[in-house]
Amino acid sequence: MSLRNPMKTPTMADSAQTVSRGSRRRFLALASSLLILPRGLPGRTGSSPNARLRVALIGAGGRGRSAVSGLPGEQFVALCDVDEKRGRAGLNPSNPKSTDAQRLKDGRWFRDFRVMFDAMSDEIDAVVVATPDHMHFAAAMAAVARGKHVYVEKPMCRCISEVRRLHAAAKAAKVVTQMGNQGRAGEGIRLAREWVQAGLIGEVHTVYTWTDRPRKPWFHPVDFDPDTAAPETPPPTLDWNLWLGVAPDRPYRSAIVPSFWRGFTDYGTGSLGDMGCHQLDAPFYALDLGSPVSVEAATTERFPKTFPGSTCVTWRFPAKGGRGPVEMKWFDGAMKPPLPVPGFKLSESGGSLFHGTKGIMGVTSHSGSVRLLPEERMKEMASSLPARTLPRVKGGPHQEWADAIRGGPAPGSNFDYAAGLTEVVLLGVAAQRAQARLEWDAANTRFPNRPDADVLAGPGYAYRSGWGV
């Protein structure tokens, strides 16, 4: 397997090259500005804490179904998808008399979320955004600008400048936010933090994380170029122009939708952006990682419009609080982390391994479960594990968000937390695209050693007009 030299100067022969330094400066200047927001309390004013939330779902055909099942007590008043047929099929409960079916039956359908807000903004309390990555920012900003509480599927946004603008706008609007990395609401991630803080594995110095992606049914081979195929006619139910949204105009190809967009730089964030908010969540939370000082990537061959098939990304975090510096590595595709102990079998779907001065801890994908390694040590410690000191979440991430809207504790992956986690992930994505080592100046949103890579902190293309971003 051929690796690109991580120190080699890349050509940046992709769409990011089209953005001039002047336009980038103008765009990033917006990151420090806040939206002018409507007066009054976000959501429904004076409502009973027991009243059902009026929820709008943007992107019904994919992850939208998880929102319906995750918010069993709420009313879905608006349902939006650029392909209504697929959206309806994705939400269609198996039993038409079920509670879900009853909560969906009166929801108004829209293709364009802008039209939805124009038509019924006053009838919406909260919005779930479950679109492809490139439309998270536009849809969520539209909701926040109207004072709506917002839940956004991971990653929070497609690029760092979007993350910072959305975070600032949501904070100014004082809305309740949540990113959909569901493990953050679970038991495993809390155990991981409690065990690390109790010193079970000593001072953590190295973390390995990994995933089995990119693979079907979400990714094409990395050398696949959709533009070599002849343009096709979109299905009559799909509004291709609305699907493109802020992204550059491109003729419709069935090879991009409904799932393969993840591997294309114009729309997705690759396997790291797709799964990093799950697999990096436990180390980010357990170690209070914050922002790294550098990130670098070694990858297999990278093509202009797609992400590499296999990568190793390394972040370096400075000492913070009572801990020392931490090196965190990400592996995807054919690249895998070293085995922590002889005979250990890596979970195919992914996970993370914490290496400390006194031992090793393994966390499964989505922070599902936590074990000390080797297994003999887990058995020895089973009766003397640390007390559970962190609050637990009742229900999943959607319910946690709804409870917070009613006055409960802030969700675990609210944007104050999710913005930092997503930024770490997207710094890795930038290093993958640059195939280089990038020093990171978080305060100024730039790569001091590689000014030519600064463009990778932004969208990489001019947004199409009419989307309010």
# chains A, B, ... in the order shown; residues from 1 in each chain; ligands from 1
$ residues_around --residues "range 150-167 of chain A" --least-positions-apart "2" --cutoff "6 Å" --atoms "only C-alpha atoms" --output "VMD selection string"
chain A and resid 31 126 to 130 133 to 134 136 to 137 169 to 170 177 to 181 415 423 457 to 459
$ residues_around --residues "Lys105 in chain A" --least-positions-apart "3" --cutoff "12 Å" --atoms "only C-alpha atoms" --output "number ranges by chain"
A: 75-79, 88, 91-93, 96-102, 108-109
$ residues_around --residues "Asp441 in chain A" --least-positions-apart "3" --cutoff "9 Å" --atoms "only C-alpha atoms" --output "PDB file with C-alpha atoms, in the first residue's frame"
ATOM      1  CA  PRO A 292      -4.638  20.480  19.160  1.00  0.00           C
ATOM      2  CA  VAL A 293      -1.451  22.347  18.284  1.00  0.00           C
ATOM      3  CA  SER A 294      -0.890  20.294  15.129  1.00  0.00           C
ATOM      4  CA  ASN A 444      -6.974  32.976  14.308  1.00  0.00           C
ATOM      5  CA  THR A 445      -8.396  29.987  12.420  1.00  0.00           C
ATOM      6  CA  ARG A 446      -5.285  29.395  10.334  1.00  0.00           C
ATOM      7  CA  PHE A 447      -2.376  27.038   9.673  1.00  0.00           C
ATOM      8  CA  PRO A 448       0.741  29.182  10.292  1.00  0.00           C
TER       9      PRO A 448
END
$ select_by_dssp --residues "range 312-395 of chain A" --states "alpha helix (DSSP H)" --output "MDAnalysis selection string"
chainID A and resid 375:381
$ atom_distance --atom1 "CA of Val82 in chain A" --atom2 "CA of Thr131 in chain A"
9.5 Å
$ residues_around --residues "range 242-249 of chain A" --least-positions-apart "6" --cutoff "8 Å" --atoms "only C-alpha atoms" --output "ChimeraX atom specification"
/A:82,111-112,134-135,138,266-267,461-465,467
$ residues_around --residues "Trp240 in chain A" --least-positions-apart "6" --cutoff "9 Å" --atoms "only C-alpha atoms" --output "list in words"
Val82, Asp83, Pro234, Pro251 and Tyr252 of chain A
$ residues_around --residues "His205 in chain A" --least-positions-apart "2" --cutoff "8 Å" --atoms "only C-alpha atoms" --output "PDB file with C-alpha atoms, in the first residue's frame"
ATOM      1  CA  GLU A 203      -1.671   9.261  32.943  1.00  0.00           C
ATOM      2  CA  VAL A 207      -4.994   7.249  22.082  1.00  0.00           C
ATOM      3  CA  GLY A 324       0.414  15.873  30.232  1.00  0.00           C
ATOM      4  CA  PRO A 325       0.427  16.120  26.431  1.00  0.00           C
ATOM      5  CA  VAL A 326      -1.593  13.586  24.442  1.00  0.00           C
ATOM      6  CA  GLU A 327      -1.045  12.148  20.975  1.00  0.00           C
ATOM      7  CA  PHE A 354      -6.367   4.630  25.695  1.00  0.00           C
ATOM      8  CA  HIS A 355      -2.727   3.964  26.617  1.00  0.00           C
ATOM      9  CA  GLY A 356      -1.715   5.171  30.068  1.00  0.00           C
ATOM     10  CA  THR A 357       1.310   4.833  32.321  1.00  0.00           C
TER      11      THR A 357
END
$ closest_atom_pairs --of "range 187-257 of chain A" --to "range 273-281 of chain A" --cutoff "12 Å" --atoms "only C-alpha atoms" --output "tab-separated table"
residue	atom	partner	partner_atom	distance
A:Gly188	CA	A:Asp281	CA	10.8
A:Ile189	CA	A:Asp281	CA	7.8
A:Arg190	CA	A:Asp281	CA	10.9
A:Ala192	CA	A:Asp281	CA	10.4
A:Arg193	CA	A:Asp281	CA	10.8
A:Val207	CA	A:Leu280	CA	9.3
A:Tyr208	CA	A:Leu280	CA	9.2
A:Thr209	CA	A:Gln279	CA	6.3
A:Trp210	CA	A:Gln279	CA	7.0
A:Thr211	CA	A:Met275	CA	7.1
A:Asp212	CA	A:Met275	CA	9.4
A:Arg213	CA	A:Met275	CA	8.2
A:Pro214	CA	A:Asp274	CA	9.1
A:Arg215	CA	A:Asp274	CA	11.6
A:Trp218	CA	A:Asp274	CA	9.7
A:Phe219	CA	A:Asp274	CA	10.7
$ write_last_selection --atoms "N, CA and C atoms" --output "PDB file, in the first residue's frame"
ATOM      1  N   GLY A 188     -21.333   4.297  28.354  1.00  0.00           N
ATOM      2  CA  GLY A 188     -19.927   3.995  28.134  1.00  0.00           C
ATOM      3  C   GLY A 188     -19.018   5.201  28.234  1.00  0.00           C
ATOM      4  N   ILE A 189     -19.418   6.317  27.650  1.00  0.00           N
ATOM      5  CA  ILE A 189     -18.549   7.493  27.647  1.00  0.00           C
ATOM      6  C   ILE A 189     -18.390   8.064  29.056  1.00  0.00           C
ATOM      7  N   ARG A 190     -19.386   7.885  29.896  1.00  0.00           N
ATOM      8  CA  ARG A 190     -19.282   8.349  31.273  1.00  0.00           C
ATOM      9  C   ARG A 190     -18.352   7.449  32.078  1.00  0.00           C
ATOM     10  N   ALA A 192     -15.873   5.841  30.791  1.00  0.00           N
ATOM     11  CA  ALA A 192     -14.525   6.142  30.301  1.00  0.00           C
ATOM     12  C   ALA A 192     -13.945   7.346  31.033  1.00  0.00           C
ATOM     13  N   ARG A 193     -14.731   8.396  31.196  1.00  0.00           N
ATOM     14  CA  ARG A 193     -14.237   9.586  31.887  1.00  0.00           C
ATOM     15  C   ARG A 193     -13.989   9.303  33.372  1.00  0.00           C
ATOM     16  N   VAL A 207      -3.686   7.827  22.384  1.00  0.00           N
ATOM     17  CA  VAL A 207      -4.994   7.249  22.082  1.00  0.00           C
ATOM     18  C   VAL A 207      -5.002   6.832  20.619  1.00  0.00           C
ATOM     19  N   TYR A 208      -5.486   5.606  20.346  1.00  0.00           N
ATOM     20  CA  TYR A 208      -5.698   5.136  18.978  1.00  0.00           C
ATOM     21  C   TYR A 208      -7.198   5.025  18.737  1.00  0.00           C
ATOM     22  N   THR A 209      -7.655   5.516  17.585  1.00  0.00           N
ATOM     23  CA  THR A 209      -9.059   5.378  17.205  1.00  0.00           C
ATOM     24  C   THR A 209      -9.128   4.862  15.778  1.00  0.00           C
ATOM     25  N   TRP A 210     -10.241   4.231  15.422  1.00  0.00           N
ATOM     26  CA  TRP A 210     -10.330   3.660  14.073  1.00  0.00           C
ATOM     27  C   TRP A 210     -11.775   3.407  13.666  1.00  0.00           C
ATOM     28  N   THR A 211     -11.957   3.171  12.367  1.00  0.00           N
ATOM     29  CA  THR A 211     -13.243   2.781  11.796  1.00  0.00           C
ATOM     30  C   THR A 211     -12.987   1.841  10.634  1.00  0.00           C
ATOM     31  N   ASP A 212     -14.024   1.127  10.229  1.00  0.00           N
ATOM     32  CA  ASP A 212     -13.898   0.235   9.075  1.00  0.00           C
ATOM     33  C   ASP A 212     -14.220   0.939   7.760  1.00  0.00           C
ATOM     34  N   ARG A 213     -14.670   2.177   7.805  1.00  0.00           N
ATOM     35  CA  ARG A 213     -15.003   2.905   6.580  1.00  0.00           C
ATOM     36  C   ARG A 213     -13.746   3.549   6.005  1.00  0.00           C
ATOM     37  N   PRO A 214     -13.741   3.905   4.742  1.00  0.00           N
ATOM     38  CA  PRO A 214     -14.849   3.966   3.781  1.00  0.00           C
ATOM     39  C   PRO A 214     -15.154   2.610   3.162  1.00  0.00           C
ATOM     40  N   ARG A 215     -16.419   2.307   3.045  1.00  0.00           N
ATOM     41  CA  ARG A 215     -16.856   1.070   2.408  1.00  0.00           C
ATOM     42  C   ARG A 215     -18.301   1.228   1.963  1.00  0.00           C
ATOM     43  N   TRP A 218     -21.844   3.227   1.682  1.00  0.00           N
ATOM     44  CA  TRP A 218     -21.756   4.677   1.848  1.00  0.00           C
ATOM     45  C   TRP A 218     -20.696   5.331   0.967  1.00  0.00           C
ATOM     46  N   PHE A 219     -19.750   4.542   0.446  1.00  0.00           N
ATOM     47  CA  PHE A 219     -18.631   5.132  -0.287  1.00  0.00           C
ATOM     48  C   PHE A 219     -18.344   4.354  -1.570  1.00  0.00           C
TER      49      PHE A 219
END
$ closest_residue --among "A:Asp288, A:Met116, A:Ala173, A:Pro409" --to "Arg392 in chain A" --atoms "only C-alpha atoms"
A:Pro409
$ closest_residue --among "A:Cys312, A:Ala230, A:Ala56, A:Leu289" --to "Tyr417 in chain A" --atoms "only C-alpha atoms"
A:Leu289
$ atom_distance --atom1 "CA of Arg406 in chain A" --atom2 "CA of Ser66 in chain A"
20.5 Å
$ select_by_dssp --residues "range 101-346 of chain A" --states "strand (DSSP E or B)" --output "PyMOL selection string"
chain A and resi 108-110+126-129+149-153+177-180+204-211+238+264+294-299+306+311-317+320+323+326-332
$ closest_residue --among "A:Pro132, A:Gly199, A:Pro226, A:Pro72" --to "Arg103 in chain A" --atoms "only C-alpha atoms"
A:Pro72
$ closest_atom_pairs --of "range 171-261 of chain A" --to "range 378-387 of chain A" --cutoff "9 Å" --atoms "only C-alpha atoms" --output "tab-separated table"
residue	atom	partner	partner_atom	distance
A:Leu191	CA	A:Pro386	CA	8.8
A:Glu194	CA	A:Pro386	CA	6.9
A:Trp195	CA	A:Pro386	CA	6.5
A:Ala198	CA	A:Pro386	CA	6.6
A:Leu200	CA	A:Leu385	CA	8.4
$ write_last_selection --atoms "C-alpha atoms" --output "CSV table (one decimal), in the first residue's frame"
chain,number,residue,atom,x,y,z
A,191,LEU,CA,-17.5,5.3,32.5
A,194,GLU,CA,-14.7,8.3,35.4
A,195,TRP,CA,-12.1,5.6,35.0
A,198,ALA,CA,-9.8,7.9,38.9
A,200,LEU,CA,-7.2,3.4,36.6
$ atom_distance --atom1 "CA of Gly359 in chain A" --atom2 "CA of Val196 in chain A"
10.6 Å
$ closest_residue --among "A:Ser94, A:Ser259, A:Gln197, A:Asn449" --to "Pro283 in chain A" --atoms "only C-alpha atoms"
A:Gln197
